[in-house]
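J.: See model06.pdb below, with PDB, C-alpha atoms and all ligand atoms.
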```pdb
ATOM      1  CA  MET B1025       0.000   0.000   0.000
ATOM      2  CA  VAL B1026       1.285   3.427  -0.894
ATOM      3  CA  LEU B1027       1.029   6.078   1.746
ATOM      4  CA  VAL B1028       1.453   9.669   0.755
ATOM      5  CA  ALA B1029       1.267  12.385   3.353
ATOM      6  CA  TRP B1030       3.319  15.529   3.299
ATOM      7  CA  ALA B1031       4.621  16.864   6.565
ATOM      8  CA  GLY B1032       2.192  19.184   8.271
ATOM      9  CA  VAL B1033      -0.605  18.496   5.812
ATOM     10  CA  VAL B1034      -3.527  16.409   6.981
ATOM     11  CA  PHE B1035      -5.500  14.909   4.154
ATOM     12  CA  ILE B1036      -9.089  13.828   4.419
ATOM     13  CA  GLN B1037      -8.141  10.662   2.566
ATOM     14  CA  ALA B1038      -4.799   9.088   1.808
ATOM     15  CA  GLN B1039      -3.553   9.651  -1.710
ATOM     16  CA  ALA B1040      -1.857   7.433  -4.264
ATOM     17  CA  PRO B1041       0.602   8.497  -6.954
ATOM     18  CA  GLN B1042      -1.478   7.063  -9.809
ATOM     19  CA  PRO B1043      -5.189   6.409 -10.347
ATOM     20  CA  ASP B1044      -4.445   2.714 -10.745
ATOM     21  CA  GLY B1045      -6.439   1.314  -7.850
ATOM     22  CA  ALA B1046      -3.555   1.791  -5.426
ATOM     23  CA  GLY B1047      -3.133  -1.930  -4.907
ATOM     24  CA  ILE B1048      -6.522  -2.252  -3.210
ATOM     25  CA  GLU B1049      -8.424  -5.450  -3.970
ATOM     26  CA  PRO B1050     -11.613  -4.131  -5.581
ATOM     27  CA  GLY B1051     -15.183  -5.019  -4.701
ATOM     28  CA  LYS B1052     -18.720  -3.977  -5.560
ATOM     29  CA  LEU B1053     -21.519  -2.688  -3.389
ATOM     30  CA  PRO B1054     -25.179  -2.808  -4.385
ATOM     31  CA  VAL B1055     -27.146   0.299  -5.340
ATOM     32  CA  ARG B1056     -29.735  -0.808  -2.814
ATOM     33  CA  TRP B1057     -30.158  -3.527  -0.235
ATOM     34  CA  ASP B1058     -33.279  -5.466   0.595
ATOM     35  CA  THR B1059     -34.822  -4.166   3.821
ATOM     36  CA  GLY B1060     -38.061  -5.834   4.951
ATOM     37  CA  GLY B1061     -40.618  -5.945   2.194
ATOM     38  CA  PRO B1062     -42.664  -4.646   0.506
ATOM     39  CA  LYS B1063     -43.902  -8.258   0.691
ATOM     40  CA  CYS B1064     -42.599 -10.229   3.652
ATOM     41  CA  MET B1065     -43.770 -13.485   2.052
ATOM     42  CA  GLU B1066     -41.081 -12.925  -0.575
ATOM     43  CA  MET B1067     -38.230 -12.102   1.770
ATOM     44  CA  PRO B1068     -35.609 -14.653   2.785
ATOM     45  CA  GLU B1069     -34.232 -14.343   6.326
ATOM     46  CA  TRP B1070     -30.805 -13.465   4.976
ATOM     47  CA  GLN B1071     -29.522 -11.717   1.894
ATOM     48  CA  VAL B1072     -25.923 -12.312   0.795
ATOM     49  CA  HIS B1073     -23.943  -9.905  -1.325
ATOM     50  CA  GLU B1074     -20.599 -10.755  -2.911
ATOM     51  CA  TYR B1075     -18.304  -7.760  -2.391
ATOM     52  CA  ASN B1076     -15.657  -9.830  -4.089
ATOM     53  CA  GLU B1077     -14.923 -13.536  -4.199
ATOM     54  CA  ASP B1078     -13.375 -13.572  -0.719
ATOM     55  CA  LEU B1079     -15.625 -11.137   1.119
ATOM     56  CA  TYR B1080     -19.379 -11.418   1.598
ATOM     57  CA  ILE B1081     -21.867  -9.120   3.285
ATOM     58  CA  LEU B1082     -24.974 -10.664   4.835
ATOM     59  CA  ARG B1083     -28.038  -8.642   5.692
ATOM     60  CA  GLU B1084     -30.848  -9.802   7.896
ATOM     61  CA  SER B1085     -34.372  -9.138   6.670
ATOM     62  CA  GLY B1086     -36.426  -6.441   8.393
ATOM     63  CA  CYS B1087     -39.319  -8.892   8.274
ATOM     64  CA  VAL B1088     -37.419 -10.970  10.849
ATOM     65  CA  HIS B1089     -36.098  -8.132  13.013
ATOM     66  CA  TYR B1090     -36.348  -4.360  12.713
ATOM     67  CA  GLU B1091     -32.594  -3.953  13.393
ATOM     68  CA  LYS B1092     -31.804  -5.733  10.058
ATOM     69  CA  PRO B1093     -28.062  -5.800  10.787
ATOM     70  CA  PHE B1094     -25.217  -6.395   8.331
ATOM     71  CA  LEU B1095     -22.757  -9.225   8.977
ATOM     72  CA  TYR B1096     -19.394  -9.763   7.310
ATOM     73  CA  LEU B1097     -17.873 -13.049   6.193
ATOM     74  CA  ILE B1098     -14.208 -12.703   5.250
ATOM     75  CA  PHE B1099     -12.049 -15.460   3.795
ATOM     76  CA  GLY B1100      -8.284 -15.759   4.131
ATOM     77  CA  LYS B1101      -6.160 -18.650   2.920
ATOM     78  CA  ASP B1102      -6.201 -20.366   6.322
ATOM     79  CA  LYS B1103      -9.348 -19.190   8.020
ATOM     80  CA  ALA B1104     -12.774 -17.649   7.447
ATOM     81  CA  MET B1105     -14.082 -15.067   9.880
ATOM     82  CA  LEU B1106     -17.722 -14.220  10.553
ATOM     83  CA  MET B1107     -18.399 -10.916  12.271
ATOM     84  CA  ASP B1108     -21.622 -11.055  14.331
ATOM     85  CA  THR B1109     -24.541 -13.469  14.491
ATOM     86  CA  GLY B1110     -27.474 -11.134  13.911
ATOM     87  CA  ALA B1111     -30.722 -10.298  15.673
ATOM     88  CA  GLY B1112     -33.816 -12.335  16.482
ATOM     89  CA  THR B1113     -34.459 -15.913  15.495
ATOM     90  CA  THR B1114     -32.992 -17.129  12.210
ATOM     91  CA  GLU B1115     -31.254 -20.188  10.785
ATOM     92  CA  LEU B1116     -28.018 -18.243  10.449
ATOM     93  CA  ALA B1117     -25.586 -21.146  10.873
ATOM     94  CA  THR B1118     -27.309 -23.099   8.086
ATOM     95  CA  PHE B1119     -27.134 -20.070   5.826
ATOM     96  CA  VAL B1120     -23.463 -19.388   6.613
ATOM     97  CA  ASP B1121     -22.670 -23.072   6.016
ATOM     98  CA  GLN B1122     -24.215 -22.807   2.548
ATOM     99  CA  VAL B1123     -22.159 -19.727   1.689
ATOM    100  CA  ILE B1124     -18.959 -21.398   2.941
ATOM    101  CA  ALA B1125     -19.797 -24.594   1.016
ATOM    102  CA  ARG B1126     -20.201 -22.593  -2.198
ATOM    103  CA  TRP B1127     -16.926 -20.781  -1.541
ATOM    104  CA  LEU B1128     -15.108 -24.096  -0.992
ATOM    105  CA  LYS B1129     -16.549 -25.497  -4.209
ATOM    106  CA  ARG B1130     -15.547 -22.379  -6.104
ATOM    107  CA  LYS B1131     -12.004 -22.646  -4.746
ATOM    108  CA  GLY B1132     -11.769 -26.402  -5.158
ATOM    109  CA  ARG B1133     -11.134 -26.896  -1.461
ATOM    110  CA  GLN B1134     -12.397 -29.384   1.101
ATOM    111  CA  ASN B1135     -12.633 -27.248   4.209
ATOM    112  CA  ILE B1136     -11.667 -24.061   6.002
ATOM    113  CA  PRO B1137     -11.764 -23.333   9.752
ATOM    114  CA  LEU B1138     -14.280 -20.697  10.852
ATOM    115  CA  MET B1139     -13.815 -18.029  13.484
ATOM    116  CA  VAL B1140     -16.916 -16.272  14.807
ATOM    117  CA  MET B1141     -16.354 -12.925  16.504
ATOM    118  CA  HIS B1142     -18.308  -9.732  17.143
ATOM    119  CA  SER B1143     -18.221  -6.056  16.324
ATOM    120  CA  HIS B1144     -19.630  -5.627  19.846
ATOM    121  CA  GLY B1145     -21.919  -7.369  22.295
ATOM    122  CA  HIS B1146     -25.369  -5.847  21.730
ATOM    123  CA  ARG B1147     -28.136  -8.373  21.379
ATOM    124  CA  ASP B1148     -28.801  -7.565  17.720
ATOM    125  CA  HIS B1149     -25.238  -8.773  16.966
ATOM    126  CA  ILE B1150     -25.026 -11.900  19.126
ATOM    127  CA  ALA B1151     -28.513 -13.406  18.842
ATOM    128  CA  ARG B1152     -27.443 -16.620  17.071
ATOM    129  CA  ASP B1153     -24.231 -17.136  19.046
ATOM    130  CA  SER B1154     -25.543 -20.426  20.402
ATOM    131  CA  GLN B1155     -25.555 -21.873  16.862
ATOM    132  CA  PHE B1156     -21.760 -21.469  16.737
ATOM    133  CA  SER B1157     -20.350 -21.323  20.267
ATOM    134  CA  ASN B1158     -20.119 -25.057  20.964
ATOM    135  CA  ARG B1159     -19.615 -26.262  17.450
ATOM    136  CA  PRO B1160     -16.572 -28.449  16.701
ATOM    137  CA  GLY B1161     -14.155 -26.731  14.355
ATOM    138  CA  VAL B1162     -15.462 -23.259  15.114
ATOM    139  CA  GLU B1163     -13.274 -20.824  17.012
ATOM    140  CA  PHE B1164     -15.755 -18.724  18.945
ATOM    141  CA  VAL B1165     -14.710 -15.380  20.406
ATOM    142  CA  PRO B1166     -17.322 -14.011  22.809
ATOM    143  CA  ALA B1167     -17.844 -10.251  23.035
ATOM    144  CA  GLU B1168     -15.813  -9.938  26.224
ATOM    145  CA  ILE B1169     -12.703  -7.816  26.629
ATOM    146  CA  PRO B1170     -10.228 -10.561  27.747
ATOM    147  CA  ALA B1171     -11.343 -12.916  24.947
ATOM    148  CA  VAL B1172     -11.134 -10.163  22.325
ATOM    149  CA  GLN B1173      -7.696  -9.058  23.586
ATOM    150  CA  LYS B1174      -6.421 -12.630  23.418
ATOM    151  CA  ALA B1175      -7.882 -13.432  19.985
ATOM    152  CA  PHE B1176      -6.482 -10.309  18.345
ATOM    153  CA  GLY B1177      -3.361  -9.612  20.397
ATOM    154  CA  ILE B1178      -4.532  -6.315  21.850
ATOM    155  CA  ALA B1179      -1.919  -5.538  24.501
ATOM    156  CA  THR B1180      -3.725  -2.698  26.298
ATOM    157  CA  TRP B1181      -7.467  -2.133  26.061
ATOM    158  CA  PRO B1182      -8.597   0.162  24.474
ATOM    159  CA  THR B1183      -5.479   2.025  23.361
ATOM    160  CA  SER B1184      -3.480  -0.680  21.545
ATOM    161  CA  ILE B1185      -4.182  -1.909  18.033
ATOM    162  CA  GLY B1186      -4.462  -5.664  17.523
ATOM    163  CA  ARG B1187      -4.484  -7.787  14.424
ATOM    164  CA  ILE B1188      -5.313 -11.172  13.028
ATOM    165  CA  ASP B1189      -3.887 -12.971  10.020
ATOM    166  CA  LEU B1190      -6.460 -15.111   8.215
ATOM    167  CA  GLY B1191      -3.789 -16.352   5.822
ATOM    168  CA  GLU B1192      -2.410 -13.840   3.321
ATOM    169  CA  ARG B1193      -4.980 -11.477   4.781
ATOM    170  CA  ILE B1194      -4.114  -9.264   7.716
ATOM    171  CA  ILE B1195      -6.918  -7.493   9.530
ATOM    172  CA  ASP B1196      -6.109  -4.770  12.014
ATOM    173  CA  VAL B1197      -8.350  -4.562  15.066
ATOM    174  CA  VAL B1198      -9.045  -1.182  16.653
ATOM    175  CA  PRO B1199     -10.786  -1.074  20.066
ATOM    176  CA  ILE B1200     -13.691   1.401  19.917
ATOM    177  CA  PRO B1201     -15.745   1.309  23.144
ATOM    178  CA  GLY B1202     -18.372   4.007  23.706
ATOM    179  CA  HIS B1203     -21.348   2.571  21.835
ATOM    180  CA  HIS B1204     -20.783  -0.694  23.684
ATOM    181  CA  PRO B1205     -17.924  -1.456  26.124
ATOM    182  CA  VAL B1206     -16.525  -4.212  23.871
ATOM    183  CA  GLY B1207     -16.611  -2.517  20.459
ATOM    184  CA  ILE B1208     -13.937  -3.132  17.821
ATOM    185  CA  GLY B1209     -13.345  -1.776  14.331
ATOM    186  CA  LEU B1210     -11.712  -3.925  11.640
ATOM    187  CA  TYR B1211      -9.384  -2.775   8.880
ATOM    188  CA  ASP B1212      -8.948  -5.286   6.082
ATOM    189  CA  ARG B1213      -5.667  -4.450   4.396
ATOM    190  CA  ARG B1214      -6.591  -6.325   1.204
ATOM    191  CA  THR B1215      -9.782  -4.410   0.377
ATOM    192  CA  ALA B1216      -8.964  -1.320   2.485
ATOM    193  CA  LEU B1217     -12.422  -1.611   4.002
ATOM    194  CA  PHE B1218     -12.868  -0.274   7.510
ATOM    195  CA  LEU B1219     -15.697  -1.904   9.475
ATOM    196  CA  PRO B1220     -16.575   0.306  12.451
ATOM    197  CA  GLY B1221     -19.499  -1.768  13.800
ATOM    198  CA  ASP B1222     -22.236   0.393  15.302
ATOM    199  CA  ASN B1223     -19.889   3.311  16.047
ATOM    200  CA  VAL B1224     -20.180   4.794  12.550
ATOM    201  CA  TYR B1225     -22.936   4.056  10.041
ATOM    202  CA  PRO B1226     -25.674   5.954   8.210
ATOM    203  CA  GLY B1227     -28.116   6.151  11.096
ATOM    204  CA  ARG B1228     -28.385   6.745  14.823
ATOM    205  CA  LEU B1229     -25.029   6.438  16.541
ATOM    206  CA  TYR B1230     -26.108   5.455  20.018
ATOM    207  CA  VAL B1231     -23.608   6.648  22.603
ATOM    208  CA  THR B1232     -23.631   4.968  26.004
ATOM    209  CA  ASP B1233     -20.281   6.330  27.236
ATOM    210  CA  TRP B1234     -19.664   9.813  25.886
ATOM    211  CA  ALA B1235     -15.970  10.174  26.739
ATOM    212  CA  ALA B1236     -15.138   6.680  25.488
ATOM    213  CA  PHE B1237     -17.096   7.237  22.247
ATOM    214  CA  ALA B1238     -15.257  10.519  21.543
ATOM    215  CA  ALA B1239     -11.890   8.895  22.290
ATOM    216  CA  SER B1240     -12.736   5.926  20.062
ATOM    217  CA  THR B1241     -13.742   8.219  17.201
ATOM    218  CA  GLN B1242     -10.416  10.037  17.542
ATOM    219  CA  ARG B1243      -8.658   6.649  17.655
ATOM    220  CA  MET B1244     -10.290   5.705  14.331
ATOM    221  CA  VAL B1245      -9.292   9.071  12.843
ATOM    222  CA  ASP B1246      -5.690   8.539  13.968
ATOM    223  CA  PHE B1247      -5.611   4.937  12.764
ATOM    224  CA  THR B1248      -6.995   5.785   9.322
ATOM    225  CA  GLN B1249      -4.725   8.811   8.886
ATOM    226  CA  GLY B1250      -2.503   8.136   5.886
ATOM    227  CA  ARG B1251      -4.091   4.713   5.276
ATOM    228  CA  LEU B1252      -6.035   3.993   2.135
ATOM    229  CA  ILE B1253      -9.704   3.538   3.016
ATOM    230  CA  SER B1254     -12.003   2.267   0.272
ATOM    231  CA  HIS B1255     -15.253   2.407   2.271
ATOM    232  CA  MET B1256     -16.410   2.571   5.853
ATOM    233  CA  LEU B1257     -19.045  -0.165   6.205
ATOM    234  CA  GLY B1258     -21.043  -0.289   9.430
ATOM    235  CA  CYS B1259     -23.696  -2.671  10.716
ATOM    236  CA  HIS B1260     -26.987  -0.844  10.081
ATOM    237  CA  ILE B1261     -28.727   1.668   7.827
ATOM    238  CA  GLU B1262     -31.311   3.927   9.458
ATOM    239  CA  GLN B1263     -30.801   7.033   7.355
ATOM    240  CA  SER B1264     -32.915   7.802   4.287
ATOM    241  CA  LYS B1265     -31.485   9.028   0.991
ATOM    242  CA  THR B1266     -32.532  12.523   2.035
ATOM    243  CA  PRO B1267     -29.826  14.206   4.130
ATOM    244  CA  TYR B1268     -30.702  14.750   7.800
ATOM    245  CA  LEU B1269     -33.740  12.475   7.489
ATOM    246  CA  GLU B1270     -33.866   9.117   9.246
ATOM    247  CA  TYR B1271     -36.230   6.167   9.265
ATOM    248  CA  THR B1272     -37.758   6.047  12.712
ATOM    249  CA  ILE B1273     -36.559   3.358  15.088
ATOM    250  CA  GLY B1274     -38.614   0.205  14.580
ATOM    251  CA  SER B1275     -38.854   0.583  10.785
ATOM    252  CA  ILE B1276     -38.801  -2.784   9.065
ATOM    253  CA  PHE B1277     -39.300  -1.515   5.493
ATOM    254  CA  GLN B1278     -37.052   1.292   4.225
ATOM    255  CA  PRO B1279     -37.588   1.691   0.455
ATOM    256  CA  ASP B1280     -35.435   4.820   0.148
ATOM    257  CA  GLU B1281     -32.659   4.062   2.590
ATOM    258  CA  HIS B1282     -29.179   5.544   2.364
ATOM    259  CA  VAL B1283     -26.410   3.394   0.917
ATOM    260  CA  LEU B1284     -24.341   1.449   3.451
ATOM    261  CA  GLU B1285     -20.998   2.936   2.542
ATOM    262  CA  LEU B1286     -19.546   6.014   4.187
ATOM    263  CA  THR B1287     -16.116   7.594   3.704
ATOM    264  CA  ARG B1288     -13.322   8.744   5.959
ATOM    265  CA  GLY B1289     -14.757  12.233   5.381
ATOM    266  CA  ASP B1290     -17.885  11.151   7.275
ATOM    267  CA  LEU B1291     -15.674   9.901  10.107
ATOM    268  CA  LEU B1292     -13.906  13.274  10.209
ATOM    269  CA  ALA B1293     -17.260  15.102  10.231
ATOM    270  CA  LEU B1294     -18.328  12.976  13.186
ATOM    271  CA  ASN B1295     -15.058  13.638  14.996
ATOM    272  CA  GLU B1296     -15.331  17.401  14.437
ATOM    273  CA  ALA B1297     -18.921  17.436  15.710
ATOM    274  CA  LEU B1298     -17.917  15.518  18.829
ATOM    275  CA  LYS B1299     -15.014  17.879  19.440
ATOM    276  CA  GLU B1300     -17.343  20.861  19.123
ATOM    277  CA  LEU B1301     -19.778  19.347  21.614
ATOM    278  CA  GLY B1302     -16.853  18.661  23.948
ATOM    279  CA  GLY B1303     -17.942  17.185  27.248
ATOM    280  CA  THR B1304     -21.623  17.954  26.684
ATOM    281  CA  PRO B1305     -23.609  14.974  25.361
ATOM    282  CA  LYS B1306     -26.265  16.131  22.926
ATOM    283  CA  ARG B1307     -28.318  14.709  20.085
ATOM    284  CA  LEU B1308     -27.049  16.186  16.836
ATOM    285  CA  ALA B1309     -28.087  15.343  13.270
ATOM    286  CA  LEU B1310     -25.305  15.406  10.678
ATOM    287  CA  ALA B1311     -26.107  14.973   6.984
ATOM    288  CA  ASN B1312     -25.542  11.196   6.974
ATOM    289  CA  MET B1313     -25.767  10.188  10.632
ATOM    290  CA  THR B1314     -27.028  11.319  14.002
ATOM    291  CA  ILE B1315     -25.093  11.494  17.260
ATOM    292  CA  TYR B1316     -27.575   9.977  19.681
ATOM    293  CA  PRO B1317     -26.606   9.779  23.357
ATOM    294  CA  ILE B1318     -28.538   7.259  25.450
ATOM    295  CA  LEU B1319     -27.471   8.257  28.917
ATOM    296  CA  ASP B1320     -30.752   8.453  30.816
ATOM    297  CA  ASP B1321     -33.999   6.552  31.286
ATOM    298  CA  ALA B1322     -36.099   9.240  29.602
ATOM    299  CA  THR B1323     -34.214   8.722  26.315
ATOM    300  CA  ARG B1324     -34.511   4.958  26.607
ATOM    301  CA  GLN B1325     -38.261   5.261  27.189
ATOM    302  CA  GLU B1326     -38.653   7.631  24.230
ATOM    303  CA  MET B1327     -36.836   5.136  21.991
ATOM    304  CA  GLN B1328     -38.885   2.225  23.263
ATOM    305  CA  LYS B1329     -42.126   4.116  22.653
ATOM    306  CA  ASN B1330     -41.099   5.136  19.126
ATOM    307  CA  ARG B1331     -39.919   1.647  18.286
ATOM    308  CA  LEU B1332     -43.134   0.048  19.475
ATOM    309  CA  GLU B1333     -45.304   2.561  17.629
ATOM    310  CA  THR B1334     -43.458   2.296  14.311
ATOM    311  CA  GLU B1335     -42.853  -1.440  14.364
ATOM    312  CA  THR B1336     -46.436  -2.264  15.395
ATOM    313  CA  ARG B1337     -47.799  -0.082  12.585
ATOM    314  CA  GLN B1338     -45.487  -1.541   9.937
ATOM    315  CA  ARG B1339     -46.029  -5.145  11.054
ATOM    316  CA  GLN B1340     -49.757  -4.711  10.371
ATOM    317  CA  THR B1341     -48.986  -4.204   6.667
ATOM    318  CA  MET B1342     -45.891  -6.411   6.377
ATOM    319  CA  TYR B1343     -47.334  -8.604   3.612
ATOM    320  CA  ALA B1344     -48.052  -5.595   1.387
ATOM    321  CA  GLN B1345     -46.300  -2.448   2.543
ATOM    322  CA  PRO B1346     -47.524   0.842   1.086
ATOM    323  CA  ALA B1347     -44.961   2.516  -1.192
ATOM    324  CA  SER B1348     -44.193   5.301   1.235
ATOM    325  CA  THR B1349     -43.582   4.025   4.719
ATOM    326  CA  ARG B1350     -42.065   6.061   7.438
TER     327      ARG B1350
HETATM  328 ZN    ZN B1401     -24.970  -1.864  19.008
HETATM  329 ZN    ZN B1402     -26.620  -2.837  16.288
END
```
Go through the file and emit its structure as structure tokens.
Ligand SMILES: [Zn+2]
Ligand SMILES: [Zn+2]
T.:
Amino acid sequence: MVLVAWAGVVFIQAQAPQPDGAGIEPGKLPVRWDTGGPKCMEMPEWQVHEYNEDLYILRESGCVHYEKPFLYLIFGKDKAMLMDTGAGTTELATFVDQVIARWLKRKGRQNIPLMVMHSHGHRDHIARDSQFSNRPGVEFVPAEIPAVQKAFGIATWPTSIGRIDLGERIIDVVPIPGHHPVGIGLYDRRTALFLPGDNVYPGRLYVTDWAAFAASTQRMVDFTQGRLISHMLGCHIEQSKTPYLEYTIGSIFQPDEHVLELTRGDLLALNEALKELGGTPKRLALANMTIYPILDDATRQEMQKNRLETETRQRQTMYAQPASTR
């Protein structure tokens, strides 16, 4: 990877000498993802998207669970790694097995060990853990600090950077507590993708520890400084295509949702906003995401009420959603 940064100049994104792809392994993202509908009878539990032949993005259907998280399945030469196990009740392990079986067939291989780990420990990312945790041949890393430190060689939590080698594929692991105490971001050197979990995505960035969240955002800014970043890919989409406009919590069908991918510029915008707010937690809508502190019961109750209202309303029409649903 070519790093170009002149002394004293801080670039929004790293630069390469030629527009030749900069050695990044390319991949494709869809123009739109399935959400949950308009007809839930037609929706499979899981959608799989091939970013490239060694990296797959899974999305859970909103018909199953309103969180409709994104999961990542990354293949190295020696090991495959699944990030997260989704929300609600699904046959995730069966689905992942099918994807791995197809990959093995494509590569003419018999088997590959699987590691299952987590972006963080919220219940919409660990729901199907039990389908993997006691399975022979699966290396299961629970969303707990000592286990994460050990698996990725993170000397000091949360200030050290860890890494894992999946076999000709090194992934750097950046601790990012603040949304959840055991949050990590992944940097895949082959595709130059940065996966920041629930800390950065087009939607509501729930902050449960303000100081830790700000420090983690700065840590991501520092880590990505001078590194080539192709896309920042988080774990949810809650934003619409219209800037500053979200889909309410509890939405299962989002026909005009924002794309998944963000850039390092979005990360810098978030960092600047947090710096401006300083030590004062406050909800703040940016163009592509919203800083959303959850530090008191009143906020939790407001969210719960909104979720129940929206989800209940949309579930009533889940087999034929109206074109405009909000
Ligand atoms: Zn979360
Ligand atoms: Zn989440």
J.: Between B:Arg1159, B:Arg1056, B:Arg1083, B:His1204, which has the minimum distance to His1142 (chain B) (counting all atoms listed in the file)?
T.: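 The shortest atom-to-atom distance to His1142 (chain B) comes from B:His1204.
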J.: What's around Arg1213 (chain B) at 8 Å? Count only C-alpha atoms, leave out sequence neighbours fewer than 6 positions away in its own chain, and write the answer as a list in words.
T.: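 Residues meeting the cut-off are Ile1048, Arg1193, Ile1194, Ile1195 and Asp1196 of chain B.
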J.: Please produce a file of the residues just selected, as a PDB file, in the coordinates of the input, where the atoms kept are C-alpha atoms.
T.:
```pdb
ATOM      1  CA  ILE B1048      -6.522  -2.252  -3.210  1.00  0.00           C
ATOM      2  CA  ARG B1193      -4.980 -11.477   4.781  1.00  0.00           C
ATOM      3  CA  ILE B1194      -4.114  -9.264   7.716  1.00  0.00           C
ATOM      4  CA  ILE B1195      -6.918  -7.493   9.530  1.00  0.00           C
ATOM      5  CA  ASP B1196      -6.109  -4.770  12.014  1.00  0.00           C
TER       6      ASP B1196
END
```
J.: Could you tell me how far CA of Ala1347 (chain B) lies from CA of Gly1061 (chain B), in Å and to one decimal?
T.: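 Between CA of Ala1347 (chain B) and CA of Gly1061 (chain B) the gap is 10.1 Å.
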J.: Step by step, work through what the PyMOL selection byres (((chain B and resi 1274) around 8) and not hetatm) selects in the shown file, and finish by giving those residues as an NGL selection string.
T.: :B and (1090-1091 or 1272-1273 or 1275-1276 or 1330-1335)
J.: With only C-alpha atoms and all ligand atoms counted, collect every polymer residue having an atom within 8 Å of ligand ZN 1401 (chain B); state the result as a list in words.
T.: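 Sorted by chain and then by number, the residues are His1144, Gly1145, His1146, Arg1147, Asp1148, His1149, His1203, His1204, Gly1221, Asp1222, Asn1223 and Tyr1230 of chain B.
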J.: Which residues would end up in the selection if the PyMOL selection byres (((chain B and resi 1108-1112) around 10) and not hetatm) were applied here, given that I need the answer as number ranges by chain?
T.: B: 1070, 1082-1085, 1088-1097, 1105-1107, 1113-1114, 1116-1117, 1120, 1140-1156, 1166-1167, 1221, 1259
J.: Could the residues in this selection be written to a file with C-alpha atoms, as an mmCIF file, in the frame of the given file?
T.:
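This is the output file result_9.cif:
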```
data_model
loop_
_atom_site.group_PDB
_atom_site.id
_atom_site.type_symbol
_atom_site.label_atom_id
_atom_site.label_comp_id
_atom_site.auth_asym_id
_atom_site.auth_seq_id
_atom_site.Cartn_x
_atom_site.Cartn_y
_atom_site.Cartn_z
ATOM 1 C CA TRP B 1070 -30.805 -13.465 4.976
ATOM 2 C CA LEU B 1082 -24.974 -10.664 4.835
ATOM 3 C CA ARG B 1083 -28.038 -8.642 5.692
ATOM 4 C CA GLU B 1084 -30.848 -9.802 7.896
ATOM 5 C CA SER B 1085 -34.372 -9.138 6.670
ATOM 6 C CA VAL B 1088 -37.419 -10.970 10.849
ATOM 7 C CA HIS B 1089 -36.098 -8.132 13.013
ATOM 8 C CA TYR B 1090 -36.348 -4.360 12.713
ATOM 9 C CA GLU B 1091 -32.594 -3.953 13.393
ATOM 10 C CA LYS B 1092 -31.804 -5.733 10.058
ATOM 11 C CA PRO B 1093 -28.062 -5.800 10.787
ATOM 12 C CA PHE B 1094 -25.217 -6.395 8.331
ATOM 13 C CA LEU B 1095 -22.757 -9.225 8.977
ATOM 14 C CA TYR B 1096 -19.394 -9.763 7.310
ATOM 15 C CA LEU B 1097 -17.873 -13.049 6.193
ATOM 16 C CA MET B 1105 -14.082 -15.067 9.880
ATOM 17 C CA LEU B 1106 -17.722 -14.220 10.553
ATOM 18 C CA MET B 1107 -18.399 -10.916 12.271
ATOM 19 C CA THR B 1113 -34.459 -15.913 15.495
ATOM 20 C CA THR B 1114 -32.992 -17.129 12.210
ATOM 21 C CA LEU B 1116 -28.018 -18.243 10.449
ATOM 22 C CA ALA B 1117 -25.586 -21.146 10.873
ATOM 23 C CA VAL B 1120 -23.463 -19.388 6.613
ATOM 24 C CA VAL B 1140 -16.916 -16.272 14.807
ATOM 25 C CA MET B 1141 -16.354 -12.925 16.504
ATOM 26 C CA HIS B 1142 -18.308 -9.732 17.143
ATOM 27 C CA SER B 1143 -18.221 -6.056 16.324
ATOM 28 C CA HIS B 1144 -19.630 -5.627 19.846
ATOM 29 C CA GLY B 1145 -21.919 -7.369 22.295
ATOM 30 C CA HIS B 1146 -25.369 -5.847 21.730
ATOM 31 C CA ARG B 1147 -28.136 -8.373 21.379
ATOM 32 C CA ASP B 1148 -28.801 -7.565 17.720
ATOM 33 C CA HIS B 1149 -25.238 -8.773 16.966
ATOM 34 C CA ILE B 1150 -25.026 -11.900 19.126
ATOM 35 C CA ALA B 1151 -28.513 -13.406 18.842
ATOM 36 C CA ARG B 1152 -27.443 -16.620 17.071
ATOM 37 C CA ASP B 1153 -24.231 -17.136 19.046
ATOM 38 C CA SER B 1154 -25.543 -20.426 20.402
ATOM 39 C CA GLN B 1155 -25.555 -21.873 16.862
ATOM 40 C CA PHE B 1156 -21.760 -21.469 16.737
ATOM 41 C CA PRO B 1166 -17.322 -14.011 22.809
ATOM 42 C CA ALA B 1167 -17.844 -10.251 23.035
ATOM 43 C CA GLY B 1221 -19.499 -1.768 13.800
ATOM 44 C CA CYS B 1259 -23.696 -2.671 10.716
#
```
J.: Can you work out the spacing between CA of Asp1078 (chain B) and CA of Asn1135 (chain B) in Å, to one decimal?
T.: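 Between CA of Asp1078 (chain B) and CA of Asn1135 (chain B) the gap works out to 14.6 Å.
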J.: May I ask for the distance between CA of Trp1234 (chain B) and CA of Lys1299 (chain B), given in Å to one decimal place?
T.: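 Between these atoms lies a distance of 11.3 Å.
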